[in-house]
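Asks: Following this line is structure-v7.cif, made up of mmCIF, C-alpha atoms:
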data_target
loop_
_atom_site.label_atom_id
_atom_site.label_comp_id
_atom_site.auth_asym_id
_atom_site.auth_seq_id
_atom_site.Cartn_x
_atom_site.Cartn_y
_atom_site.Cartn_z
CA MET A 1 88.86 137.34 97.35
CA THR A 2 92.43 137.06 98.64
CA LEU A 3 93.36 133.73 100.20
CA LYS A 4 95.70 134.31 103.14
CA ILE A 5 97.79 131.20 103.72
CA ALA A 6 100.26 130.73 106.55
CA VAL A 7 103.12 128.50 105.40
CA MET A 8 104.92 126.52 108.11
CA PRO A 9 107.66 124.42 106.47
CA GLY A 10 109.08 123.03 109.72
CA ASP A 11 111.95 120.55 109.79
CA GLY A 12 113.72 118.04 107.58
CA ILE A 13 112.16 117.82 104.14
CA GLY A 14 109.40 120.25 105.17
CA PRO A 15 110.90 123.31 103.44
CA GLU A 16 111.48 121.37 100.20
CA ILE A 17 108.00 119.92 99.86
CA THR A 18 106.09 123.03 100.95
CA ALA A 19 108.08 125.05 98.39
CA GLN A 20 106.69 122.82 95.63
CA ALA A 21 103.11 123.16 96.90
CA VAL A 22 103.48 126.94 97.03
CA LYS A 23 104.85 126.85 93.48
CA VAL A 24 101.78 124.95 92.30
CA LEU A 25 99.42 127.37 94.05
CA GLU A 26 101.35 130.30 92.59
CA ALA A 27 100.75 128.84 89.13
CA LEU A 28 97.00 129.19 89.70
CA LYS A 29 97.39 132.95 90.03
CA THR A 30 97.51 133.16 86.25
CA ASP A 31 93.93 131.92 86.25
CA GLY A 32 92.64 134.58 88.58
CA LEU A 33 93.32 133.08 91.99
CA ASN A 34 94.61 135.71 94.43
CA ILE A 35 96.82 134.21 97.15
CA GLU A 36 99.08 135.73 99.79
CA PHE A 37 101.67 133.62 101.61
CA GLU A 38 103.39 134.36 104.91
CA HIS A 39 105.92 131.99 106.44
CA ALA A 40 106.36 131.10 110.11
CA LEU A 41 108.72 129.02 112.23
CA ILE A 42 107.56 125.79 113.84
CA GLY A 43 109.13 122.62 115.25
CA GLY A 44 112.86 122.13 115.69
CA VAL A 45 113.81 125.15 113.62
CA ALA A 46 111.61 127.31 115.87
CA TYR A 47 113.22 125.85 118.98
CA ARG A 48 116.68 126.64 117.67
CA GLU A 49 115.76 130.25 116.90
CA LYS A 50 113.13 131.04 119.54
CA GLY A 51 113.70 128.50 122.30
CA VAL A 52 110.24 126.90 121.89
CA PRO A 53 108.80 124.64 119.16
CA LEU A 54 105.59 126.67 118.84
CA PRO A 55 106.23 130.42 119.21
CA ASP A 56 103.32 132.71 120.09
CA GLU A 57 103.80 134.62 116.84
CA THR A 58 103.32 131.41 114.85
CA VAL A 59 99.99 130.75 116.53
CA ALA A 60 99.00 134.41 116.01
CA LEU A 61 99.78 134.20 112.30
CA ALA A 62 97.73 131.03 111.96
CA LYS A 63 94.74 132.67 113.64
CA ALA A 64 95.06 135.70 111.34
CA SER A 65 95.18 133.53 108.21
CA ASP A 66 92.51 131.65 106.29
CA ALA A 67 94.39 128.34 106.30
CA VAL A 68 97.75 126.78 107.14
CA LEU A 69 100.02 124.84 104.78
CA PHE A 70 102.24 122.67 106.96
CA GLY A 71 105.36 120.68 106.13
CA ALA A 72 106.67 118.41 108.87
CA VAL A 73 108.26 118.57 112.32
CA GLY A 74 110.85 116.32 113.88
CA ASP A 75 114.57 116.58 114.60
CA PHE A 76 116.33 113.54 116.03
CA SER A 77 119.08 115.71 117.51
CA LEU A 78 116.51 117.31 119.82
CA ASP A 79 114.99 114.07 121.15
CA THR A 80 116.78 114.47 124.48
CA LEU A 81 115.00 117.73 125.27
CA PRO A 82 112.21 117.81 127.87
CA ARG A 83 109.05 116.59 126.17
CA HIS A 84 107.34 120.00 126.06
CA LEU A 85 110.27 121.42 124.05
CA ARG A 86 110.53 118.66 121.45
CA PRO A 87 109.59 119.59 117.87
CA GLU A 88 106.66 117.15 117.70
CA GLN A 89 104.88 119.03 120.47
CA ALA A 90 104.38 121.90 118.04
CA ILE A 91 101.88 120.05 115.87
CA LEU A 92 99.93 118.87 118.91
CA GLY A 93 99.96 122.39 120.27
CA ILE A 94 98.76 124.11 117.13
CA ARG A 95 95.98 121.57 116.65
CA LYS A 96 94.79 122.37 120.15
CA ALA A 97 95.22 126.14 119.77
CA LEU A 98 93.17 126.19 116.57
CA ASN A 99 90.65 123.57 117.77
CA LEU A 100 91.40 121.36 114.78
CA PHE A 101 89.36 118.39 115.95
CA ALA A 102 88.57 116.67 112.64
CA ASN A 103 91.34 115.05 110.63
CA PHE A 104 90.61 113.84 107.08
CA ARG A 105 93.06 111.29 105.72
CA PRO A 106 92.18 109.87 102.31
CA ALA A 107 93.85 106.67 101.17
CA MET A 108 93.48 106.42 97.42
CA VAL A 109 95.25 104.14 94.97
CA TYR A 110 95.94 105.79 91.65
CA GLU A 111 95.63 103.43 88.71
CA GLU A 112 99.23 104.16 87.73
CA LEU A 113 100.48 103.10 91.19
CA ALA A 114 98.45 99.95 91.79
CA ASP A 115 101.58 97.83 91.34
CA ALA A 116 103.52 99.92 93.90
CA SER A 117 101.61 98.53 96.87
CA THR A 118 102.97 95.56 98.79
CA LEU A 119 99.53 93.96 98.35
CA ARG A 120 98.37 92.38 95.12
CA PRO A 121 97.08 94.93 92.58
CA GLU A 122 93.63 93.31 92.48
CA VAL A 123 93.30 93.88 96.25
CA VAL A 124 94.06 97.61 96.15
CA ALA A 125 93.19 98.74 92.60
CA GLY A 126 90.48 101.38 92.82
CA LEU A 127 90.86 101.79 96.59
CA ASP A 128 89.33 105.02 97.89
CA ILE A 129 89.00 105.25 101.69
CA LEU A 130 88.53 108.30 103.88
CA ILE A 131 89.63 108.02 107.51
CA VAL A 132 88.11 110.64 109.79
CA ARG A 133 90.19 110.86 112.96
CA GLU A 134 89.25 112.81 116.08
CA LEU A 135 92.29 114.95 116.71
CA THR A 136 92.16 116.92 119.95
CA GLY A 137 91.02 114.40 122.56
CA ASP A 138 91.76 110.83 123.65
CA ILE A 139 94.88 109.59 125.40
CA TYR A 140 97.12 112.14 123.66
CA PHE A 141 95.55 114.98 125.60
CA GLY A 142 93.82 113.26 128.53
CA THR A 143 94.78 114.11 132.09
CA PRO A 144 96.03 113.12 134.59
CA ARG A 145 99.27 111.82 133.12
CA GLY A 146 102.85 111.53 134.25
CA ASN A 147 105.25 109.45 136.32
CA ARG A 148 104.90 108.38 139.94
CA ILE A 149 105.53 105.65 142.49
CA ALA A 150 102.74 103.07 142.28
CA GLU A 151 100.49 103.26 145.33
CA ASP A 152 98.70 99.95 144.71
CA GLY A 153 98.57 96.91 142.45
CA PRO A 154 101.01 94.03 142.04
CA PHE A 155 103.96 96.41 141.55
CA LYS A 156 103.24 98.76 144.44
CA GLY A 157 106.26 100.87 145.31
CA GLU A 158 107.79 100.74 141.84
CA ARG A 159 108.04 103.61 139.41
CA GLU A 160 105.23 103.72 136.86
CA ALA A 161 104.03 105.99 134.05
CA PHE A 162 100.39 106.63 133.20
CA ASP A 163 98.16 108.34 130.62
CA THR A 164 94.41 108.83 130.60
CA MET A 165 92.05 107.95 127.76
CA ARG A 166 88.95 110.13 127.97
CA TYR A 167 86.27 111.53 125.67
CA ALA A 168 83.43 113.94 126.41
CA GLU A 169 80.08 113.47 124.70
CA THR A 170 80.44 116.73 122.78
CA GLU A 171 83.78 115.62 121.35
CA ILE A 172 82.31 112.38 120.05
CA ARG A 173 79.13 113.93 118.70
CA ARG A 174 80.89 116.59 116.66
CA ILE A 175 83.34 114.20 115.00
CA ALA A 176 80.50 111.74 114.35
CA HIS A 177 78.51 114.43 112.55
CA VAL A 178 81.54 115.29 110.43
CA ALA A 179 82.03 111.64 109.50
CA PHE A 180 78.36 111.00 108.69
CA GLN A 181 78.26 114.10 106.50
CA ALA A 182 81.40 112.96 104.68
CA ALA A 183 79.81 109.55 104.09
CA GLN A 184 76.71 111.25 102.67
CA LYS A 185 78.90 112.84 99.99
CA ARG A 186 80.69 109.59 99.19
CA GLY A 187 79.46 105.99 99.17
CA GLY A 188 77.01 106.24 102.05
CA LYS A 189 78.88 103.83 104.36
CA LEU A 190 80.45 104.66 107.71
CA CYS A 191 82.43 102.24 109.88
CA SER A 192 83.07 103.40 113.45
CA VAL A 193 86.16 101.78 114.95
CA ASP A 194 86.59 101.23 118.70
CA LYS A 195 87.65 98.69 121.34
CA ALA A 196 84.30 98.54 123.11
CA ASN A 197 84.86 95.00 124.35
CA VAL A 198 87.67 96.22 126.62
CA LEU A 199 87.64 100.01 127.05
CA GLU A 200 84.83 101.95 128.72
CA THR A 201 85.85 105.06 126.81
CA THR A 202 85.25 103.40 123.47
CA GLN A 203 82.01 101.73 124.55
CA PHE A 204 80.84 105.28 125.25
CA TRP A 205 82.16 106.25 121.81
CA ARG A 206 80.11 103.47 120.19
CA ASP A 207 76.95 104.47 122.08
CA ILE A 208 77.19 108.13 121.06
CA VAL A 209 78.02 107.38 117.42
CA THR A 210 75.01 105.08 117.29
CA GLU A 211 72.78 107.85 118.65
CA VAL A 212 74.09 110.34 116.10
CA GLY A 213 73.57 107.79 113.34
CA LYS A 214 69.79 107.98 113.86
CA GLU A 215 69.95 111.43 112.26
CA TYR A 216 71.46 110.04 109.05
CA ALA A 217 69.04 107.47 107.69
CA GLY A 218 70.79 107.39 104.32
CA VAL A 219 74.13 106.30 105.76
CA GLU A 220 74.83 102.65 106.58
CA LEU A 221 76.58 102.54 109.97
CA SER A 222 78.69 99.62 111.12
CA HIS A 223 81.03 99.11 114.08
CA MET A 224 84.33 97.26 114.17
CA TYR A 225 86.96 96.57 116.82
CA VAL A 226 90.28 98.23 116.05
CA ASP A 227 92.27 94.99 115.89
CA ASN A 228 89.83 93.53 113.37
CA CYS A 229 89.88 96.75 111.37
CA ALA A 230 93.68 96.60 111.18
CA MET A 231 93.37 93.08 109.76
CA GLN A 232 90.54 93.94 107.37
CA LEU A 233 92.51 96.86 105.91
CA LEU A 234 95.01 94.30 104.68
CA LYS A 235 92.55 91.53 103.84
CA ASN A 236 89.77 93.44 102.10
CA PRO A 237 90.37 97.21 102.19
CA LYS A 238 87.79 98.03 99.52
CA GLN A 239 84.96 97.08 101.90
CA PHE A 240 85.46 100.48 103.58
CA ASP A 241 84.16 103.87 102.47
CA VAL A 242 84.53 106.20 105.47
CA ILE A 243 86.11 105.14 108.78
CA VAL A 244 85.66 107.26 111.92
CA THR A 245 87.69 106.65 115.05
CA GLY A 246 89.47 108.27 117.98
CA ASN A 247 92.84 109.94 118.08
CA LEU A 248 94.99 106.96 119.07
CA PHE A 249 93.40 104.37 116.80
CA GLY A 250 93.16 106.88 113.95
CA ASP A 251 96.85 107.65 114.17
CA ILE A 252 97.73 103.98 113.72
CA LEU A 253 95.09 102.96 111.18
CA SER A 254 95.66 105.93 108.88
CA ASP A 255 99.36 105.13 108.64
CA GLU A 256 98.52 101.49 107.89
CA ALA A 257 96.05 102.58 105.21
CA SER A 258 98.65 104.86 103.68
CA MET A 259 100.91 101.93 102.87
CA LEU A 260 98.13 100.23 100.92
CA THR A 261 98.68 102.94 98.33
CA GLY A 262 102.34 102.11 97.74
CA SER A 263 103.94 105.23 99.18
CA ILE A 264 103.30 107.43 102.18
CA GLY A 265 104.62 110.24 99.99
CA MET A 266 101.33 110.32 98.08
CA LEU A 267 98.89 110.97 100.91
CA PRO A 268 97.59 114.37 102.02
CA SER A 269 95.53 115.31 105.05
CA ALA A 270 93.30 118.07 106.34
CA SER A 271 92.70 119.04 109.97
CA LEU A 272 89.59 121.18 110.36
CA ASN A 273 87.70 123.07 113.03
CA GLU A 274 83.99 123.86 113.19
CA SER A 275 84.29 126.80 110.77
CA ASN A 276 86.26 124.77 108.18
CA PHE A 277 89.49 126.59 108.96
CA GLY A 278 92.13 124.00 108.24
CA LEU A 279 95.73 122.96 108.58
CA TYR A 280 96.85 120.96 105.57
CA GLU A 281 99.85 118.64 105.63
CA PRO A 282 101.28 115.45 104.16
CA ILE A 283 100.90 112.54 106.55
CA HIS A 284 104.58 111.58 106.41
CA GLY A 285 107.24 112.87 108.76
CA SER A 286 110.28 115.10 108.42
CA ALA A 287 112.56 112.36 107.00
CA PRO A 288 115.82 114.00 108.15
CA ASP A 289 117.87 111.28 106.44
CA ILE A 290 116.95 112.65 103.00
CA ALA A 291 116.52 116.33 103.89
CA GLY A 292 118.27 118.72 101.53
CA LYS A 293 118.99 116.00 98.97
CA ASP A 294 116.14 116.76 96.53
CA LEU A 295 114.76 113.23 97.01
CA ALA A 296 111.42 113.72 98.76
CA ASN A 297 108.12 113.21 96.98
CA PRO A 298 106.16 116.52 97.18
CA MET A 299 102.90 115.09 95.83
CA ALA A 300 101.29 114.59 99.24
CA THR A 301 101.91 118.25 100.05
CA VAL A 302 100.62 119.38 96.66
CA LEU A 303 97.50 117.26 97.16
CA SER A 304 97.12 118.76 100.64
CA ALA A 305 97.02 122.17 98.94
CA ALA A 306 94.24 120.84 96.70
CA MET A 307 92.32 119.72 99.81
CA MET A 308 92.77 123.24 101.19
CA LEU A 309 91.14 124.76 98.13
CA ARG A 310 88.25 122.29 98.39
CA TYR A 311 87.48 122.18 102.12
CA THR A 312 88.38 125.63 103.43
CA PHE A 313 87.78 127.79 100.36
CA GLY A 314 85.14 125.79 98.49
CA LEU A 315 87.11 126.08 95.24
CA GLU A 316 86.33 122.66 93.83
CA GLU A 317 87.37 123.54 90.29
CA TYR A 318 90.88 124.60 91.30
CA ALA A 319 91.28 121.59 93.61
CA THR A 320 90.32 119.25 90.79
CA ARG A 321 92.79 120.92 88.45
CA ILE A 322 95.65 120.22 90.82
CA GLU A 323 94.54 116.61 91.30
CA ASN A 324 94.25 116.11 87.54
CA ALA A 325 97.73 117.55 87.08
CA VAL A 326 99.09 115.03 89.59
CA LYS A 327 97.31 112.20 87.74
CA ALA A 328 98.75 113.42 84.42
CA VAL A 329 102.28 113.37 85.82
CA LEU A 330 101.79 109.88 87.24
CA ALA A 331 100.56 108.68 83.86
CA THR A 332 103.24 110.17 81.63
CA GLY A 333 105.77 112.11 83.65
CA PRO A 334 108.78 111.54 85.90
CA ARG A 335 108.71 109.84 89.30
CA THR A 336 110.52 110.40 92.58
CA GLY A 337 112.38 107.41 93.96
CA ASP A 338 109.58 106.18 96.24
CA ILE A 339 107.22 105.59 93.29
CA TRP A 340 109.75 105.05 90.50
CA ARG A 341 109.78 101.85 88.47
CA ASP A 342 111.47 100.57 85.32
CA GLY A 343 110.46 102.51 82.25
CA LYS A 344 109.93 105.77 84.12
CA VAL A 345 112.28 108.73 84.43
CA ARG A 346 113.59 109.33 87.94
CA THR A 347 113.42 112.90 89.20
CA GLY A 348 113.77 114.84 92.42
CA THR A 349 111.57 117.03 94.58
CA THR A 350 111.99 120.16 92.46
CA GLY A 351 111.63 118.26 89.20
CA MET A 352 108.37 116.72 90.37
CA GLY A 353 107.05 120.14 91.35
CA ASP A 354 108.00 121.53 87.95
CA ALA A 355 106.27 118.61 86.22
CA ILE A 356 103.03 119.26 88.13
CA VAL A 357 103.15 122.96 87.27
CA ALA A 358 103.71 122.09 83.60
CA ALA A 359 100.76 119.66 83.64
CA LEU A 360 98.64 122.30 85.33
CA ALA A 361 99.56 124.89 82.68
CA LYS A 362 98.18 122.62 79.96
CA GLN A 363 94.74 122.87 81.60
CA LEU A 364 94.71 126.66 81.86
#
With the file now loaded, output its structure as structure tokens.
Replies:
Amino acid sequence: MTLKIAVMPGDGIGPEITAQAVKVLEALKTDGLNIEFEHALIGGVAYREKGVPLPDETVALAKASDAVLFGAVGDFSLDTLPRHLRPEQAILGIRKALNLFANFRPAMVYEELADASTLRPEVVAGLDILIVRELTGDIYFGTPRGNRIAEDGPFKGEREAFDTMRYAETEIRRIAHVAFQAAQKRGGKLCSVDKANVLETTQFWRDIVTEVGKEYAGVELSHMYVDNCAMQLLKNPKQFDVIVTGNLFGDILSDEASMLTGSIGMLPSASLNESNFGLYEPIHGSAPDIAGKDLANPMATVLSAAMMLRYTFGLEEYATRIENAVKAVLATGPRTGDIWRDGKVRTGTTGMGDAIVAALAKQL
């Protein structure tokens, strides 16, 4: 079987980190894995060359591939463009075009990095959370939205902006099933996060998740308000196994959870549709301030490639090999600046990629 992977480096550090993930995947070819890569433009670089952040040919390539390896989008110099032309719209657009409704964001603390977190090591050591975020609905995509002159209320006659939070039953049911099934394969606990005491949309979310939960007797379901969840992630993060929530809350909570691990540069993600086609990307941004300086940590992108092998291709053995190579480098090898500490050798993006490949070769 040939794995056809569309590579979309994007902006900033995107080309540097995706190059290291491709290098790691290429190393697996020596063990019989057959992979084809094809690159495409997306984000600010696509706008500069094509006039749009998400060209039609990029979407076409994604649909013709088995999976997408994504870097990052974002270019501060283009922030004055109309919103639909800004680089960040590309990731929203491709998620919608590919129906990537389920986002998996693991937050895991490696033993070697327990002292890198801003929380005490005993609070985060052994942390292993999976956040399942609904990705194609909620206030990010809800309509109507826009700007207008207020027609009523205490500020009638003034300019106002508005967005719409909305969820259909089907959207909630399908992400709930994904989350319950993930919990079945892990610790058997699912916490659904909402703001049901204020928002009708999330009361509806809670009701539907509860209904779906009746189909999963082996999973312990709990509910938590988003503000309390944000606090609990700092107070007692190891109480969680799988968290499921909507697009807006998931965006915020997953970034908070990422910092429990010590560096956002360590965390991968997977965005899947109903057929397990996926877009795989690090959760961090394009970091234009360090782009081209060989400073970025590529581990999140490499681990995203491992998630790709596991979730889209079902190649658990190869995924585990990559993850073990990352662990080996953390234990004995060099570190990029974000995870470096006294006693370790500091390296750059390329050096870290080379170290992972070398650790991987020892397993083959």
Asks: So how many Å separate CA of Leu248 in chain A and CA of Asp138 in chain A, to one decimal?
Replies: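 Separation of CA of Leu248 in chain A and CA of Asp138 in chain A: 6.8 Å.
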Asks: I need the output of the PyMOL selection byres ((chain A and resi 120-130) around 10) for this file as a ChimeraX atom specification; which residues are they?
Replies: /A:103-119,131-133,179,182-183,186-187,190,233-244,254,257-258,260-262,269
Asks: Could you dump the residues just selected with C-alpha atoms as a PDB file, in the frame of the given file?
Replies:
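Written out: selection_15.pdb:
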ATOM      1  CA  ASN A 103      91.340 115.050 110.630  1.00  0.00           C
ATOM      2  CA  PHE A 104      90.610 113.840 107.080  1.00  0.00           C
ATOM      3  CA  ARG A 105      93.060 111.290 105.720  1.00  0.00           C
ATOM      4  CA  PRO A 106      92.180 109.870 102.310  1.00  0.00           C
ATOM      5  CA  ALA A 107      93.850 106.670 101.170  1.00  0.00           C
ATOM      6  CA  MET A 108      93.480 106.420  97.420  1.00  0.00           C
ATOM      7  CA  VAL A 109      95.250 104.140  94.970  1.00  0.00           C
ATOM      8  CA  TYR A 110      95.940 105.790  91.650  1.00  0.00           C
ATOM      9  CA  GLU A 111      95.630 103.430  88.710  1.00  0.00           C
ATOM     10  CA  GLU A 112      99.230 104.160  87.730  1.00  0.00           C
ATOM     11  CA  LEU A 113     100.480 103.100  91.190  1.00  0.00           C
ATOM     12  CA  ALA A 114      98.450  99.950  91.790  1.00  0.00           C
ATOM     13  CA  ASP A 115     101.580  97.830  91.340  1.00  0.00           C
ATOM     14  CA  ALA A 116     103.520  99.920  93.900  1.00  0.00           C
ATOM     15  CA  SER A 117     101.610  98.530  96.870  1.00  0.00           C
ATOM     16  CA  THR A 118     102.970  95.560  98.790  1.00  0.00           C
ATOM     17  CA  LEU A 119      99.530  93.960  98.350  1.00  0.00           C
ATOM     18  CA  ILE A 131      89.630 108.020 107.510  1.00  0.00           C
ATOM     19  CA  VAL A 132      88.110 110.640 109.790  1.00  0.00           C
ATOM     20  CA  ARG A 133      90.190 110.860 112.960  1.00  0.00           C
ATOM     21  CA  ALA A 179      82.030 111.640 109.500  1.00  0.00           C
ATOM     22  CA  ALA A 182      81.400 112.960 104.680  1.00  0.00           C
ATOM     23  CA  ALA A 183      79.810 109.550 104.090  1.00  0.00           C
ATOM     24  CA  ARG A 186      80.690 109.590  99.190  1.00  0.00           C
ATOM     25  CA  GLY A 187      79.460 105.990  99.170  1.00  0.00           C
ATOM     26  CA  LEU A 190      80.450 104.660 107.710  1.00  0.00           C
ATOM     27  CA  LEU A 233      92.510  96.860 105.910  1.00  0.00           C
ATOM     28  CA  LEU A 234      95.010  94.300 104.680  1.00  0.00           C
ATOM     29  CA  LYS A 235      92.550  91.530 103.840  1.00  0.00           C
ATOM     30  CA  ASN A 236      89.770  93.440 102.100  1.00  0.00           C
ATOM     31  CA  PRO A 237      90.370  97.210 102.190  1.00  0.00           C
ATOM     32  CA  LYS A 238      87.790  98.030  99.520  1.00  0.00           C
ATOM     33  CA  GLN A 239      84.960  97.080 101.900  1.00  0.00           C
ATOM     34  CA  PHE A 240      85.460 100.480 103.580  1.00  0.00           C
ATOM     35  CA  ASP A 241      84.160 103.870 102.470  1.00  0.00           C
ATOM     36  CA  VAL A 242      84.530 106.200 105.470  1.00  0.00           C
ATOM     37  CA  ILE A 243      86.110 105.140 108.780  1.00  0.00           C
ATOM     38  CA  VAL A 244      85.660 107.260 111.920  1.00  0.00           C
ATOM     39  CA  SER A 254      95.660 105.930 108.880  1.00  0.00           C
ATOM     40  CA  ALA A 257      96.050 102.580 105.210  1.00  0.00           C
ATOM     41  CA  SER A 258      98.650 104.860 103.680  1.00  0.00           C
ATOM     42  CA  LEU A 260      98.130 100.230 100.920  1.00  0.00           C
ATOM     43  CA  THR A 261      98.680 102.940  98.330  1.00  0.00           C
ATOM     44  CA  GLY A 262     102.340 102.110  97.740  1.00  0.00           C
ATOM     45  CA  SER A 269      95.530 115.310 105.050  1.00  0.00           C
TER      46      SER A 269
END
Asks: Determine, counting all atoms listed in the file, which protein, DNA and RNA residues have an atom within 12 Å of an atom of range 51-57 of chain A; residues of the same chain fewer than 6 positions away are not included. Present the result as a ChimeraX atom specification.
Replies: /A:6,8,10-11,38-45,63-64,73-75,78,81-97
Asks: Emit the selected residues as a JSON list (two decimals), in the frame of the given file, including C-alpha atoms.
Replies:
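So the final result, stored in part-v5.json, reads:
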[["chain", "number", "residue", "atom", "x", "y", "z"],
["A", 6, "ALA", "CA", 100.26, 130.73, 106.55],
["A", 8, "MET", "CA", 104.92, 126.52, 108.11],
["A", 10, "GLY", "CA", 109.08, 123.03, 109.72],
["A", 11, "ASP", "CA", 111.95, 120.55, 109.79],
["A", 38, "GLU", "CA", 103.39, 134.36, 104.91],
["A", 39, "HIS", "CA", 105.92, 131.99, 106.44],
["A", 40, "ALA", "CA", 106.36, 131.10, 110.11],
["A", 41, "LEU", "CA", 108.72, 129.02, 112.23],
["A", 42, "ILE", "CA", 107.56, 125.79, 113.84],
["A", 43, "GLY", "CA", 109.13, 122.62, 115.25],
["A", 44, "GLY", "CA", 112.86, 122.13, 115.69],
["A", 45, "VAL", "CA", 113.81, 125.15, 113.62],
["A", 63, "LYS", "CA", 94.74, 132.67, 113.64],
["A", 64, "ALA", "CA", 95.06, 135.70, 111.34],
["A", 73, "VAL", "CA", 108.26, 118.57, 112.32],
["A", 74, "GLY", "CA", 110.85, 116.32, 113.88],
["A", 75, "ASP", "CA", 114.57, 116.58, 114.60],
["A", 78, "LEU", "CA", 116.51, 117.31, 119.82],
["A", 81, "LEU", "CA", 115.00, 117.73, 125.27],
["A", 82, "PRO", "CA", 112.21, 117.81, 127.87],
["A", 83, "ARG", "CA", 109.05, 116.59, 126.17],
["A", 84, "HIS", "CA", 107.34, 120.00, 126.06],
["A", 85, "LEU", "CA", 110.27, 121.42, 124.05],
["A", 86, "ARG", "CA", 110.53, 118.66, 121.45],
["A", 87, "PRO", "CA", 109.59, 119.59, 117.87],
["A", 88, "GLU", "CA", 106.66, 117.15, 117.70],
["A", 89, "GLN", "CA", 104.88, 119.03, 120.47],
["A", 90, "ALA", "CA", 104.38, 121.90, 118.04],
["A", 91, "ILE", "CA", 101.88, 120.05, 115.87],
["A", 92, "LEU", "CA", 99.93, 118.87, 118.91],
["A", 93, "GLY", "CA", 99.96, 122.39, 120.27],
["A", 94, "ILE", "CA", 98.76, 124.11, 117.13],
["A", 95, "ARG", "CA", 95.98, 121.57, 116.65],
["A", 96, "LYS", "CA", 94.79, 122.37, 120.15],
["A", 97, "ALA", "CA", 95.22, 126.14, 119.77]]
Asks: To verify the selection step, state as a ChimeraX atom specification which residues the PyMOL selection byres ((chain A and resi 218) around 10) yields on this input.
Replies: /A:180,183-184,188-189,213-217,219-221
Asks: Take the point (102.5, 122.5, 108.8) as written in the file and pick out every residue within 7 Å of it, counting only C-alpha atoms; give the list as a PyMOL selection string.
Replies: chain A and resi 7-10+68-72+279-281
Asks: Apply the PyMOL selection byres ((chain A and resi 359) around 8) to the file shown and report the selected residues as an NGL selection string.
Replies: :A and (325-326 or 328-329 or 355-358 or 360-363)
Asks: How far is it from CA of Met231 in chain A to CA of Lys185 in chain A, in Å with one decimal?
Replies: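 Between CA of Met231 in chain A and CA of Lys185 in chain A the gap is 26.4 Å.
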Asks: For Val24 in chain A, please output as a PyMOL selection string all residues within 12 Å (counting all atoms listed in the file; exclusion window: fewer than 6 positions along the same chain).
Replies: chain A and resi 17-18+30+33+35+298-299+301-306+318-319+321-323+325-326+350+352-361
Asks: May I have the residues within 10 Å of Ala168 in chain A as number ranges by chain, using all atoms listed in the file and disregarding those fewer than 2 positions away in the same chain?
Replies: A: 137-138, 166, 170-173, 201, 204-205
Asks: Write out as a PDB file with C-alpha atoms, in the frame of the given file each polymer residue whose atoms come within 10 Å of Arg145 in chain A, counting only C-alpha atoms; drop sequence neighbours fewer than 5 positions from it.
Replies:
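The result, stored in around01.pdb:
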ATOM      1  CA  ILE A 139      94.880 109.590 125.400  1.00  0.00           C
ATOM      2  CA  TYR A 140      97.120 112.140 123.660  1.00  0.00           C
ATOM      3  CA  ALA A 161     104.030 105.990 134.050  1.00  0.00           C
ATOM      4  CA  PHE A 162     100.390 106.630 133.200  1.00  0.00           C
ATOM      5  CA  ASP A 163      98.160 108.340 130.620  1.00  0.00           C
ATOM      6  CA  THR A 164      94.410 108.830 130.600  1.00  0.00           C
ATOM      7  CA  MET A 165      92.050 107.950 127.760  1.00  0.00           C
TER       8      MET A 165
END
Asks: So that I can see what lies close to Arg206 in chain A, please list as an NGL selection string the residues with an atom at most 12 Å from it, counting all atoms listed in the file and leaving out residues fewer than 6 positions away in the same chain.
Replies: :A and (167 or 169 or 172-173 or 176 or 191-197 or 199-200 or 212-213 or 221-225 or 244-246)
Asks: Quick one, how far is CA of Lys327 in chain A from CA of Leu309 in chain A?
Replies: 17.4 Å
Asks: Around all of range 53-58 of chain A's listed atoms, make the axis-aligned box with 8 Å on each side and tell me centre and edge lengths in Å to one decimal, as JSON.
Replies:
{"center_x": 106.1, "center_y": 129.6, "center_z": 117.5, "size_x": 21.5, "size_y": 26.0, "size_z": 21.2}
